[in-house]
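Next comes entry37.txt, a file with compact mmCIF, C-alpha atoms.
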# COMPACT_ATOMS: atom_id res chain seq x y z
CA MET C 1 0.00 0.00 0.00
CA SER C 2 1.43 3.37 -1.01
CA THR C 3 2.08 6.07 1.55
CA PRO C 4 -0.05 9.18 1.04
CA PRO C 5 2.00 12.24 0.05
CA GLU C 6 2.85 14.60 2.87
CA LYS C 7 1.41 18.07 2.85
CA HIS C 8 3.76 20.89 1.94
CA PRO C 9 4.86 22.71 5.11
CA ILE C 10 3.15 25.88 3.84
CA ALA C 11 -0.19 24.16 4.48
CA VAL C 12 0.27 24.98 8.16
CA LEU C 13 -0.79 28.53 7.29
CA GLN C 14 -4.33 27.33 6.58
CA THR C 15 -4.37 25.64 9.97
CA LEU C 16 -3.26 28.87 11.62
CA LEU C 17 -6.04 30.83 9.91
CA ASP C 18 -8.69 28.27 10.81
CA GLU C 19 -7.58 28.07 14.42
CA ALA C 20 -7.56 31.86 14.75
CA VAL C 21 -11.15 31.99 13.51
CA GLY C 22 -12.06 29.20 15.90
CA ILE C 23 -10.81 31.05 18.99
CA GLY C 24 -12.17 34.43 17.90
CA VAL C 25 -9.04 36.33 16.89
CA PHE C 26 -11.04 37.40 13.82
CA PRO C 27 -14.24 36.13 12.16
CA ALA C 28 -12.76 35.71 8.68
CA ALA C 29 -9.50 36.03 6.78
CA GLN C 30 -7.76 35.68 3.45
CA ALA C 31 -4.03 35.26 2.95
CA VAL C 32 -1.81 35.12 -0.12
CA VAL C 33 1.94 34.45 -0.21
CA LEU C 34 4.06 35.10 -3.30
CA HIS C 35 7.68 34.00 -3.65
CA ARG C 36 9.66 35.20 -6.66
CA GLY C 37 6.40 36.14 -8.33
CA VAL C 38 4.75 32.74 -7.87
CA GLN C 39 1.80 32.20 -5.54
CA VAL C 40 2.85 29.54 -3.05
CA PHE C 41 -0.12 29.90 -0.71
CA GLY C 42 -3.66 31.18 -0.93
CA GLY C 43 -6.13 30.52 1.84
CA VAL C 44 -9.44 31.67 3.28
CA ALA C 45 -11.01 31.08 6.67
CA GLY C 46 -14.43 31.87 8.07
CA ASN C 47 -17.58 32.62 6.09
CA VAL C 48 -15.88 34.28 3.11
CA SER C 49 -14.56 33.33 -0.30
CA GLY C 50 -11.43 34.35 -2.15
CA ASP C 51 -13.46 37.07 -3.91
CA THR C 52 -14.80 38.69 -0.75
CA ARG C 53 -13.55 42.25 -0.35
CA PHE C 54 -12.25 43.35 3.04
CA ASP C 55 -12.04 46.89 4.39
CA LEU C 56 -8.30 47.46 3.92
CA ALA C 57 -8.23 50.44 6.31
CA SER C 58 -4.76 52.04 6.40
CA LEU C 59 -3.43 49.84 3.62
CA THR C 60 -5.17 52.58 1.63
CA LYS C 61 -2.21 54.78 2.59
CA VAL C 62 0.18 52.69 0.49
CA ILE C 63 -1.95 50.92 -2.13
CA SER C 64 -3.77 54.10 -3.11
CA THR C 65 -2.18 57.28 -1.75
CA THR C 66 1.52 56.42 -1.86
CA ALA C 67 1.12 54.62 -5.18
CA LEU C 68 -0.68 57.64 -6.66
CA PHE C 69 2.06 59.91 -5.37
CA LEU C 70 4.62 57.79 -7.24
CA ARG C 71 2.52 57.94 -10.40
CA LEU C 72 2.11 61.73 -10.21
CA TRP C 73 5.79 62.16 -9.27
CA THR C 74 6.66 60.26 -12.44
CA GLU C 75 4.43 62.64 -14.40
CA GLY C 76 5.98 65.71 -12.77
CA LYS C 77 2.72 66.90 -11.23
CA VAL C 78 3.94 66.70 -7.63
CA GLY C 79 7.15 65.68 -5.88
CA PRO C 80 8.70 65.17 -2.45
CA ASP C 81 9.69 68.85 -2.17
CA THR C 82 6.26 70.18 -3.14
CA LEU C 83 5.09 72.55 -0.41
CA VAL C 84 1.75 71.89 1.24
CA SER C 85 1.20 75.67 1.17
CA ARG C 86 0.75 75.41 -2.62
CA PHE C 87 -2.60 73.73 -1.91
CA PHE C 88 -3.34 74.91 1.63
CA PRO C 89 -1.96 78.45 2.08
CA HIS C 90 -2.37 80.34 5.35
CA THR C 91 -2.78 77.18 7.43
CA PRO C 92 -0.61 75.86 10.27
CA VAL C 93 0.75 73.05 8.12
CA GLY C 94 1.33 75.40 5.20
CA ASP C 95 2.91 78.19 7.23
CA ALA C 96 5.31 75.69 8.86
CA GLY C 97 6.83 74.83 5.48
CA VAL C 98 5.63 71.23 5.50
CA THR C 99 6.35 69.34 2.28
CA VAL C 100 4.73 66.35 0.63
CA ALA C 101 7.75 64.29 1.75
CA ASP C 102 7.06 65.30 5.36
CA LEU C 103 3.53 63.93 5.05
CA LEU C 104 4.77 60.71 3.46
CA TYR C 105 7.45 60.14 6.11
CA HIS C 106 5.00 60.98 8.94
CA ARG C 107 7.29 63.77 10.17
CA SER C 108 5.03 66.77 9.52
CA GLY C 109 4.27 67.45 13.17
CA LEU C 110 0.55 66.79 12.69
CA PRO C 111 -1.19 64.71 15.39
CA PRO C 112 -1.97 61.03 14.77
CA PHE C 113 -5.76 61.32 14.99
CA VAL C 114 -8.50 63.94 15.29
CA PRO C 115 -12.19 62.87 15.45
CA PHE C 116 -13.37 65.18 12.67
CA PHE C 117 -16.45 63.00 12.29
CA ALA C 118 -17.77 63.99 15.72
CA GLN C 119 -18.35 67.59 14.73
CA ALA C 120 -19.55 66.56 11.28
CA LEU C 121 -22.20 64.19 12.65
CA THR C 122 -23.28 66.66 15.33
CA GLN C 123 -23.76 69.45 12.79
CA HIS C 124 -25.06 67.23 10.01
CA PRO C 125 -26.98 64.27 11.50
CA GLU C 126 -28.60 63.80 8.09
CA LEU C 127 -25.34 62.09 7.08
CA LEU C 128 -26.66 59.02 8.88
CA ASP C 129 -29.54 58.78 6.38
CA ALA C 130 -28.65 56.56 3.43
CA THR C 131 -30.54 59.01 1.19
CA CYS C 132 -28.49 62.01 2.33
CA ALA C 133 -28.03 64.44 -0.56
CA SER C 134 -24.74 64.15 -2.43
CA ALA C 135 -24.28 67.92 -2.14
CA THR C 136 -24.36 67.62 1.66
CA ARG C 137 -21.78 64.83 1.66
CA ALA C 138 -19.55 66.85 -0.66
CA ARG C 139 -19.83 69.93 1.57
CA VAL C 140 -19.01 67.94 4.70
CA ARG C 141 -16.04 66.36 2.94
CA ASP C 142 -14.68 69.82 2.16
CA GLU C 143 -15.24 70.89 5.78
CA VAL C 144 -13.24 67.92 7.07
CA ILE C 145 -10.37 68.65 4.68
CA GLN C 146 -10.25 72.27 5.80
CA ALA C 147 -10.36 71.19 9.44
CA ALA C 148 -7.43 68.85 8.80
CA ALA C 149 -5.46 71.66 7.13
CA ASN C 150 -6.12 73.94 10.09
CA THR C 151 -5.13 71.39 12.72
CA PRO C 152 -2.36 72.79 14.96
CA LEU C 153 0.98 71.01 14.80
CA THR C 154 2.12 69.13 17.88
CA ALA C 155 5.82 69.40 16.98
CA PRO C 156 7.98 71.28 14.48
CA PRO C 157 8.26 69.52 11.11
CA ARG C 158 11.13 67.10 10.55
CA THR C 159 11.95 66.70 14.24
CA ARG C 160 10.25 63.39 15.00
CA SER C 161 8.35 60.53 13.40
CA ALA C 162 4.70 60.37 14.46
CA TYR C 163 2.23 58.33 12.43
CA SER C 164 -0.58 60.63 11.30
CA ASP C 165 -3.94 59.93 9.70
CA VAL C 166 -4.40 63.70 9.47
CA GLY C 167 -1.34 64.04 7.25
CA PHE C 168 -2.63 61.42 4.82
CA ILE C 169 -6.07 63.02 4.70
CA LEU C 170 -4.29 66.13 3.42
CA LEU C 171 -1.99 64.15 1.13
CA GLY C 172 -4.94 62.46 -0.57
CA GLU C 173 -6.51 65.84 -1.26
CA ILE C 174 -3.21 67.28 -2.52
CA LEU C 175 -2.91 64.47 -5.06
CA SER C 176 -6.51 64.95 -6.13
CA ARG C 177 -5.96 68.66 -6.70
CA ALA C 178 -2.63 68.13 -8.45
CA ALA C 179 -4.22 65.70 -10.92
CA ASN C 180 -7.55 67.55 -11.09
CA ALA C 181 -9.62 64.42 -10.45
CA PRO C 182 -11.31 62.68 -7.49
CA LEU C 183 -9.11 60.31 -5.51
CA ASP C 184 -11.22 57.24 -6.29
CA THR C 185 -11.12 58.03 -10.01
CA LEU C 186 -7.33 58.40 -9.89
CA PHE C 187 -6.98 55.10 -8.05
CA SER C 188 -9.10 53.24 -10.58
CA ARG C 189 -7.30 54.79 -13.54
CA HIS C 190 -3.68 54.69 -12.39
CA ILE C 191 -3.48 51.80 -9.90
CA ALA C 192 -6.38 49.33 -10.11
CA GLU C 193 -6.56 49.06 -13.90
CA PRO C 194 -2.81 48.73 -14.61
CA LEU C 195 -2.32 46.19 -11.82
CA ASP C 196 -5.60 44.34 -12.53
CA LEU C 197 -6.95 44.89 -9.00
CA THR C 198 -10.56 44.44 -7.96
CA ALA C 199 -9.98 46.89 -5.10
CA ARG C 200 -12.16 49.99 -4.99
CA PHE C 201 -13.48 52.72 -2.74
CA HIS C 202 -17.09 52.50 -1.58
CA ARG C 203 -18.30 56.06 -2.15
CA LEU C 204 -21.51 56.58 -0.19
CA THR C 205 -23.12 58.73 -2.89
CA ASP C 206 -22.46 55.97 -5.43
CA PHE C 207 -22.80 53.00 -3.14
CA PRO C 208 -21.91 49.67 -4.80
CA ALA C 209 -25.04 47.57 -5.07
CA ASP C 210 -22.99 44.41 -5.58
CA SER C 211 -20.92 44.91 -2.48
CA THR C 212 -20.87 42.02 0.00
CA PRO C 213 -17.65 42.66 1.89
CA ALA C 214 -16.55 41.10 5.13
CA PRO C 215 -18.45 42.89 7.93
CA THR C 216 -16.63 45.22 10.33
CA GLY C 217 -19.13 47.04 12.57
CA ALA C 218 -22.84 47.57 13.08
CA SER C 219 -23.21 51.19 14.16
CA ARG C 220 -22.06 54.68 13.21
CA PRO C 221 -19.96 56.09 14.67
CA ARG C 222 -17.93 53.07 15.66
CA GLU C 223 -16.93 52.46 19.26
CA PRO C 224 -13.71 54.20 20.30
CA ALA C 225 -10.52 52.32 19.52
CA PRO C 226 -8.11 51.62 22.39
CA GLY C 227 -6.75 54.98 23.52
CA GLN C 228 -9.61 57.02 22.02
CA ASP C 229 -11.99 56.95 25.00
CA GLY C 230 -13.27 60.38 25.90
CA LEU C 231 -12.20 62.09 22.68
CA TRP C 232 -15.82 62.71 21.63
CA SER C 233 -19.27 62.58 23.20
CA ASN C 234 -22.96 63.20 22.48
CA VAL C 235 -22.67 62.08 18.86
CA PRO C 236 -25.83 60.57 17.33
CA THR C 237 -25.52 56.85 16.66
CA GLN C 238 -27.51 54.51 14.47
CA PRO C 239 -27.08 51.24 12.56
CA THR C 240 -24.84 51.32 9.51
CA ARG C 241 -25.18 49.60 6.14
CA PRO C 242 -22.93 46.64 5.38
CA GLY C 243 -20.10 47.59 3.08
CA GLU C 244 -19.55 51.10 4.40
CA VAL C 245 -16.01 52.04 5.35
CA ASP C 246 -15.19 51.28 8.99
CA ASP C 247 -13.15 54.44 9.63
CA ASP C 248 -15.49 57.25 10.75
CA ASN C 249 -13.38 60.10 9.37
CA ALA C 250 -13.26 58.40 5.97
CA TRP C 251 -17.00 57.78 6.25
CA VAL C 252 -17.90 61.45 6.68
CA MET C 253 -15.61 62.13 3.71
CA ASP C 254 -18.08 60.15 1.56
CA GLY C 255 -15.98 56.98 1.90
CA VAL C 256 -13.04 58.32 -0.12
CA ALA C 257 -9.94 59.51 1.73
CA GLY C 258 -6.17 59.37 1.61
CA HIS C 259 -5.84 57.48 4.90
CA ALA C 260 -8.61 54.86 4.60
CA GLY C 261 -11.53 53.77 2.46
CA LEU C 262 -10.21 51.10 0.12
CA PHE C 263 -11.85 47.66 -0.07
CA GLY C 264 -10.09 44.70 -1.65
CA THR C 265 -8.92 41.09 -1.41
CA ALA C 266 -5.69 39.49 -0.30
CA VAL C 267 -4.96 38.86 -3.97
CA ASP C 268 -5.21 42.62 -4.59
CA VAL C 269 -2.85 43.35 -1.71
CA ALA C 270 -0.37 40.71 -2.88
CA ARG C 271 -0.43 41.99 -6.46
CA PHE C 272 0.44 45.43 -5.20
CA GLY C 273 3.29 43.92 -3.18
CA GLN C 274 4.57 42.20 -6.30
CA ALA C 275 4.44 45.54 -8.15
CA ILE C 276 6.80 46.90 -5.50
CA LEU C 277 9.28 44.09 -6.13
CA GLU C 278 9.07 44.54 -9.89
CA GLY C 279 9.52 48.28 -9.60
CA CYS C 280 12.61 47.84 -7.45
CA SER C 281 14.08 45.17 -9.75
CA GLY C 282 14.16 47.53 -12.71
CA LYS C 283 11.46 45.70 -14.62
CA HIS C 284 8.81 47.75 -16.37
CA SER C 285 6.59 49.22 -13.68
CA ALA C 286 3.07 50.50 -14.26
CA LEU C 287 3.47 52.92 -11.36
CA ALA C 288 6.95 54.44 -11.38
CA PRO C 289 10.49 53.76 -12.68
CA GLY C 290 13.01 51.92 -10.52
CA PRO C 291 14.97 54.97 -9.33
CA LEU C 292 11.84 56.56 -7.89
CA TRP C 293 10.89 53.30 -6.15
CA HIS C 294 14.34 53.10 -4.57
CA ARG C 295 14.12 56.70 -3.36
CA ALA C 296 10.61 56.15 -2.02
CA LEU C 297 11.49 52.97 -0.10
CA ALA C 298 14.66 54.31 1.54
CA THR C 299 14.31 55.04 5.26
CA ASP C 300 13.73 58.66 6.24
CA PRO C 301 17.16 60.34 6.09
CA LEU C 302 16.28 63.25 8.38
CA VAL C 303 14.65 61.79 11.50
CA GLU C 304 17.03 59.59 13.45
CA GLY C 305 15.60 56.23 14.43
CA SER C 306 12.58 56.47 12.12
CA THR C 307 11.40 53.21 10.55
CA ARG C 308 9.41 55.13 7.93
CA SER C 309 10.01 55.45 4.23
CA MET C 310 7.66 57.31 1.87
CA GLY C 311 4.29 55.99 2.96
CA PHE C 312 5.65 52.62 4.04
CA ASP C 313 6.99 51.28 7.31
CA SER C 314 9.84 48.82 7.85
CA PRO C 315 10.08 46.13 10.52
CA SER C 316 11.44 47.08 13.89
CA ARG C 317 13.53 44.24 15.20
CA VAL C 318 11.66 44.10 18.51
CA GLY C 319 8.01 43.12 18.48
CA SER C 320 7.43 43.73 14.77
CA SER C 321 4.20 42.51 13.18
CA ALA C 322 6.44 41.15 10.39
CA GLY C 323 7.93 38.64 12.81
CA ARG C 324 11.55 37.85 13.60
CA VAL C 325 12.87 37.16 10.11
CA ILE C 326 11.19 39.22 7.39
CA GLY C 327 13.42 42.18 6.59
CA ASP C 328 16.33 40.91 8.70
CA SER C 329 18.98 41.70 6.07
CA PRO C 330 19.58 44.46 3.48
CA PRO C 331 17.73 45.84 1.66
CA GLY C 332 15.19 44.86 4.30
CA ALA C 333 11.41 44.90 3.99
CA VAL C 334 8.59 47.38 3.61
CA GLY C 335 4.95 47.11 4.52
CA HIS C 336 2.00 48.53 6.36
CA LEU C 337 -0.83 47.57 8.70
CA GLY C 338 -4.54 48.33 8.64
CA PHE C 339 -6.66 48.89 11.76
CA THR C 340 -9.36 46.44 10.65
CA GLY C 341 -6.81 43.60 10.80
CA THR C 342 -5.03 43.84 7.46
CA SER C 343 -1.34 43.86 6.55
CA LEU C 344 1.20 43.70 3.76
CA TRP C 345 4.88 42.84 4.14
CA VAL C 346 7.34 42.68 1.27
CA ASP C 347 10.81 41.22 1.92
CA LEU C 348 12.95 42.82 -0.77
CA ARG C 349 15.88 40.41 -0.44
CA ARG C 350 13.81 37.24 -0.43
CA SER C 351 11.37 38.44 -3.15
CA LEU C 352 8.62 37.51 -0.71
CA VAL C 353 5.16 39.05 -0.46
CA VAL C 354 2.77 38.25 2.40
CA ALA C 355 -0.75 39.66 2.27
CA LEU C 356 -3.06 39.02 5.23
CA VAL C 357 -6.53 40.54 5.44
CA THR C 358 -9.01 39.99 8.26
CA ASN C 359 -12.02 41.73 9.75
CA ARG C 360 -10.98 41.45 13.40
CA VAL C 361 -12.90 44.66 14.34
CA ALA C 362 -16.21 42.87 13.70
CA LEU C 363 -15.63 41.25 17.11
CA GLY C 364 -15.12 44.65 18.75
CA ARG C 365 -12.30 47.15 18.58
CA GLN C 366 -10.94 45.91 21.90
CA GLU C 367 -10.11 42.53 20.30
CA VAL C 368 -6.38 42.96 19.66
CA ARG C 369 -5.01 39.39 19.58
CA ILE C 370 -4.17 40.06 15.91
CA ARG C 371 -1.04 41.69 17.35
CA ASP C 372 0.16 38.30 18.55
CA PHE C 373 -1.10 36.42 15.50
CA ARG C 374 0.66 38.45 12.80
CA PRO C 375 4.30 37.82 13.80
CA VAL C 376 3.62 34.12 14.33
CA PHE C 377 1.98 33.87 10.91
CA HIS C 378 4.86 35.65 9.18
CA ASP C 379 7.49 33.53 10.91
CA PHE C 380 5.69 30.36 9.78
CA VAL C 381 5.67 31.67 6.19
CA VAL C 382 9.45 32.11 6.14
CA GLU C 383 10.13 28.82 7.90
CA ALA C 384 7.76 26.80 5.70
CA LEU C 385 9.47 28.11 2.56
CA GLY C 386 12.93 27.38 3.94
CA LEU C 387 13.94 31.02 3.78
CA THR C 388 15.15 31.58 7.31
CA ALA C 389 18.78 31.78 6.15
CA THR C 390 19.31 35.21 4.63
CA SER C 391 21.40 33.71 1.83
CA GLN C 392 18.27 31.96 0.54
CA GLY C 393 17.02 35.24 -0.86
CA THR C 394 19.98 35.58 -3.22
CA HIS C 395 19.55 32.30 -5.05
CA GLY C 396 18.39 32.49 -8.64

Could you quickly redo this structure as structure tokens?
Amino acid sequence: MSTPPEKHPIAVLQTLLDEAVGIGVFPAAQAVVLHRGVQVFGGVAGNVSGDTRFDLASLTKVISTTALFLRLWTEGKVGPDTLVSRFFPHTPVGDAGVTVADLLYHRSGLPPFVPFFAQALTQHPELLDATCASATRARVRDEVIQAAANTPLTAPPRTRSAYSDVGFILLGEILSRAANAPLDTLFSRHIAEPLDLTARFHRLTDFPADSTPAPTGASRPREPAPGQDGLWSNVPTQPTRPGEVDDDNAWVMDGVAGHAGLFGTAVDVARFGQAILEGCSGKHSALAPGPLWHRALATDPLVEGSTRSMGFDSPSRVGSSAGRVIGDSPPGAVGHLGFTGTSLWVDLRRSLVVALVTNRVALGRQEVRIRDFRPVFHDFVVEALGLTATSQGTHG
């Protein structure tokens, strides 16, 4: 009697996903792993399929906003040294001489988070009505952008690294104005179509009737995230439609913002990660030529100790979500996380892309075991592929 073939070690990733769903780390997940451009793992767990879109949250910052910056930089419409004052004169961020690079590196001095939605919902409770007029949503979106531009700085520019949603709200609008088109239109035209992504924004005034994404929350506004208690009060709350963006600031911006709002699959996230590798390798890139990719992915040269590059983060060697191995040797790794439970890590030396998307916030924003799950998952990826030795990444 023949011995049944053993499963490839990478199959353990499916077990990890299933077990995490079983103990309530998240209700559902997709994961895709690419090595040297070949998919070596694709898995789903929970009540979803491989086509289910997830709220990608802050992965929007890289897949949409940073990618669009690279595209417009290539076209000469905006660059790292472009002053924010060109678009937002006579504002704190403009008067301080903040540049587009400062926003990308998260060194502008803007605070991490401001609950712009609280004032918007208090002044415009009609936003909670699914039939709210598009003119109202457009006006509120403009009000939020102006509020972001007039947010006082918490530190002088270029003195420290401080992750900021506010900065990327402004950056998204800067790119829109520089290209003279809405952000979601630019994303579809310059990123989604060239890379063959199904990812899209869910604009509330043009809500996708075919949308059945993984659920995230049931009410608007969402419950405060850890650390946000007491930042707003007396805001009207009511049930929310499935498929609306989880982030409340993006929601009052009609679902389209530079910091959040994108919905997509793990395949979409992985394809974007592969585009990074191809751009860096000198192959033809739909987004930007190799030299611009290399400049964009280099660590911030001005702020000592920063792990940030333009839009992206790199693994810290202590407690990184990328695990113990990804990015452990030059030229390292780049990636980003999303609050809803999403992540992308790209190991540049190993030609390795790991896309993990979950909807962990559907179990409550206080459910944070994803922080423990991510590094374990990424370490298993590297070990299962036999890539723990850094020399593995150099083999042809």

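Summary of the local environment: counting only C-alpha atoms, residues at most 12 Å from Gly282 of chain C, other than itself and those fewer than 5 positions away along its chain, are Ala275, Ile276, Leu277, Ala288, Pro289, Gly290, Pro291, Leu292, Trp293 and His294 of chain C.
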
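Considering the residues C:Asp55, C:Ala149, C:Arg139, C:Val40 and counting only C-alpha atoms, Glu244 of chain C has its shortest atom-to-atom contact with C:Asp55.
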
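Proximity ranking of C:Ala28, C:Ala257, C:Leu68, C:Ala296 relative to Val144 of chain C places C:Ala257 first, based on only C-alpha atoms.
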
Leu287 of chain C proximity check over C:Arg189, C:His259, C:Arg365, C:Arg200, using all atoms listed in the file: winner is C:Arg189

Residue nearest Val361 of chain C among C:Asp95, C:Glu223, C:Glu193, C:Asp129 (counting all atoms listed in the file): C:Glu223

Select segment 67-96 of chain C in the preceding structure and write N, CA and C atoms to a file as a JSON list (two decimals), in the first residue's frame.
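Everything below was put into result.json:
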[["chain", "number", "residue", "atom", "x", "y", "z"],
["C", 67, "ALA", "N", 0.98, 55.04, -3.79],
["C", 67, "ALA", "CA", 1.12, 54.62, -5.18],
["C", 67, "ALA", "C", 0.75, 55.76, -6.14],
["C", 68, "LEU", "N", -0.30, 56.51, -5.82],
["C", 68, "LEU", "CA", -0.68, 57.64, -6.66],
["C", 68, "LEU", "C", 0.38, 58.74, -6.61],
["C", 69, "PHE", "N", 0.96, 58.94, -5.44],
["C", 69, "PHE", "CA", 2.06, 59.91, -5.37],
["C", 69, "PHE", "C", 3.18, 59.52, -6.34],
["C", 70, "LEU", "N", 3.56, 58.25, -6.34],
["C", 70, "LEU", "CA", 4.62, 57.79, -7.24],
["C", 70, "LEU", "C", 4.24, 58.02, -8.71],
["C", 71, "ARG", "N", 2.98, 57.74, -9.03],
["C", 71, "ARG", "CA", 2.52, 57.94, -10.40],
["C", 71, "ARG", "C", 2.60, 59.41, -10.79],
["C", 72, "LEU", "N", 2.12, 60.30, -9.91],
["C", 72, "LEU", "CA", 2.11, 61.73, -10.21],
["C", 72, "LEU", "C", 3.52, 62.32, -10.15],
["C", 73, "TRP", "N", 4.38, 61.76, -9.31],
["C", 73, "TRP", "CA", 5.79, 62.16, -9.27],
["C", 73, "TRP", "C", 6.43, 61.83, -10.61],
["C", 74, "THR", "N", 6.14, 60.65, -11.14],
["C", 74, "THR", "CA", 6.66, 60.26, -12.44],
["C", 74, "THR", "C", 6.21, 61.24, -13.53],
["C", 75, "GLU", "N", 4.98, 61.72, -13.41],
["C", 75, "GLU", "CA", 4.43, 62.64, -14.40],
["C", 75, "GLU", "C", 4.84, 64.09, -14.16],
["C", 76, "GLY", "N", 5.53, 64.36, -13.06],
["C", 76, "GLY", "CA", 5.98, 65.71, -12.77],
["C", 76, "GLY", "C", 4.92, 66.63, -12.21],
["C", 77, "LYS", "N", 3.80, 66.07, -11.75],
["C", 77, "LYS", "CA", 2.72, 66.90, -11.23],
["C", 77, "LYS", "C", 2.89, 67.25, -9.76],
["C", 78, "VAL", "N", 3.67, 66.46, -9.04],
["C", 78, "VAL", "CA", 3.94, 66.70, -7.63],
["C", 78, "VAL", "C", 5.21, 65.93, -7.29],
["C", 79, "GLY", "N", 5.93, 66.36, -6.26],
["C", 79, "GLY", "CA", 7.15, 65.68, -5.88],
["C", 79, "GLY", "C", 7.38, 65.78, -4.39],
["C", 80, "PRO", "N", 8.43, 65.15, -3.89],
["C", 80, "PRO", "CA", 8.70, 65.17, -2.45],
["C", 80, "PRO", "C", 8.84, 66.58, -1.88],
["C", 81, "ASP", "N", 9.42, 67.50, -2.66],
["C", 81, "ASP", "CA", 9.69, 68.85, -2.17],
["C", 81, "ASP", "C", 8.52, 69.81, -2.38],
["C", 82, "THR", "N", 7.43, 69.33, -2.95],
["C", 82, "THR", "CA", 6.26, 70.18, -3.14],
["C", 82, "THR", "C", 5.76, 70.68, -1.79],
["C", 83, "LEU", "N", 5.56, 71.96, -1.67],
["C", 83, "LEU", "CA", 5.09, 72.55, -0.41],
["C", 83, "LEU", "C", 3.59, 72.36, -0.26],
["C", 84, "VAL", "N", 3.18, 72.01, 0.94],
["C", 84, "VAL", "CA", 1.75, 71.89, 1.24],
["C", 84, "VAL", "C", 1.06, 73.24, 1.06],
["C", 85, "SER", "N", 1.78, 74.33, 1.29],
["C", 85, "SER", "CA", 1.20, 75.67, 1.17],
["C", 85, "SER", "C", 0.73, 75.97, -0.25],
["C", 86, "ARG", "N", 1.24, 75.23, -1.24],
["C", 86, "ARG", "CA", 0.75, 75.41, -2.62],
["C", 86, "ARG", "C", -0.74, 75.08, -2.71],
["C", 87, "PHE", "N", -1.20, 74.16, -1.88],
["C", 87, "PHE", "CA", -2.60, 73.73, -1.91],
["C", 87, "PHE", "C", -3.39, 74.24, -0.70],
["C", 88, "PHE", "N", -2.68, 74.46, 0.40],
["C", 88, "PHE", "CA", -3.34, 74.91, 1.63],
["C", 88, "PHE", "C", -2.57, 76.09, 2.22],
["C", 89, "PRO", "N", -2.66, 77.26, 1.57],
["C", 89, "PRO", "CA", -1.96, 78.45, 2.08],
["C", 89, "PRO", "C", -2.63, 78.97, 3.35],
["C", 90, "HIS", "N", -1.85, 79.68, 4.15],
["C", 90, "HIS", "CA", -2.37, 80.34, 5.35],
["C", 90, "HIS", "C", -3.02, 79.34, 6.32],
["C", 91, "THR", "N", -2.37, 78.20, 6.47],
["C", 91, "THR", "CA", -2.78, 77.18, 7.43],
["C", 91, "THR", "C", -1.57, 76.82, 8.28],
["C", 92, "PRO", "N", -1.77, 76.24, 9.45],
["C", 92, "PRO", "CA", -0.61, 75.86, 10.27],
["C", 92, "PRO", "C", 0.38, 74.97, 9.54],
["C", 93, "VAL", "N", -0.14, 73.98, 8.82],
["C", 93, "VAL", "CA", 0.75, 73.05, 8.12],
["C", 93, "VAL", "C", 1.43, 73.73, 6.94],
["C", 94, "GLY", "N", 0.72, 74.66, 6.30],
["C", 94, "GLY", "CA", 1.33, 75.40, 5.20],
["C", 94, "GLY", "C", 2.35, 76.40, 5.67],
["C", 95, "ASP", "N", 2.01, 77.15, 6.72],
["C", 95, "ASP", "CA", 2.91, 78.19, 7.23],
["C", 95, "ASP", "C", 4.18, 77.59, 7.82],
["C", 96, "ALA", "N", 4.13, 76.34, 8.26],
["C", 96, "ALA", "CA", 5.31, 75.69, 8.86],
["C", 96, "ALA", "C", 6.27, 75.16, 7.81]]
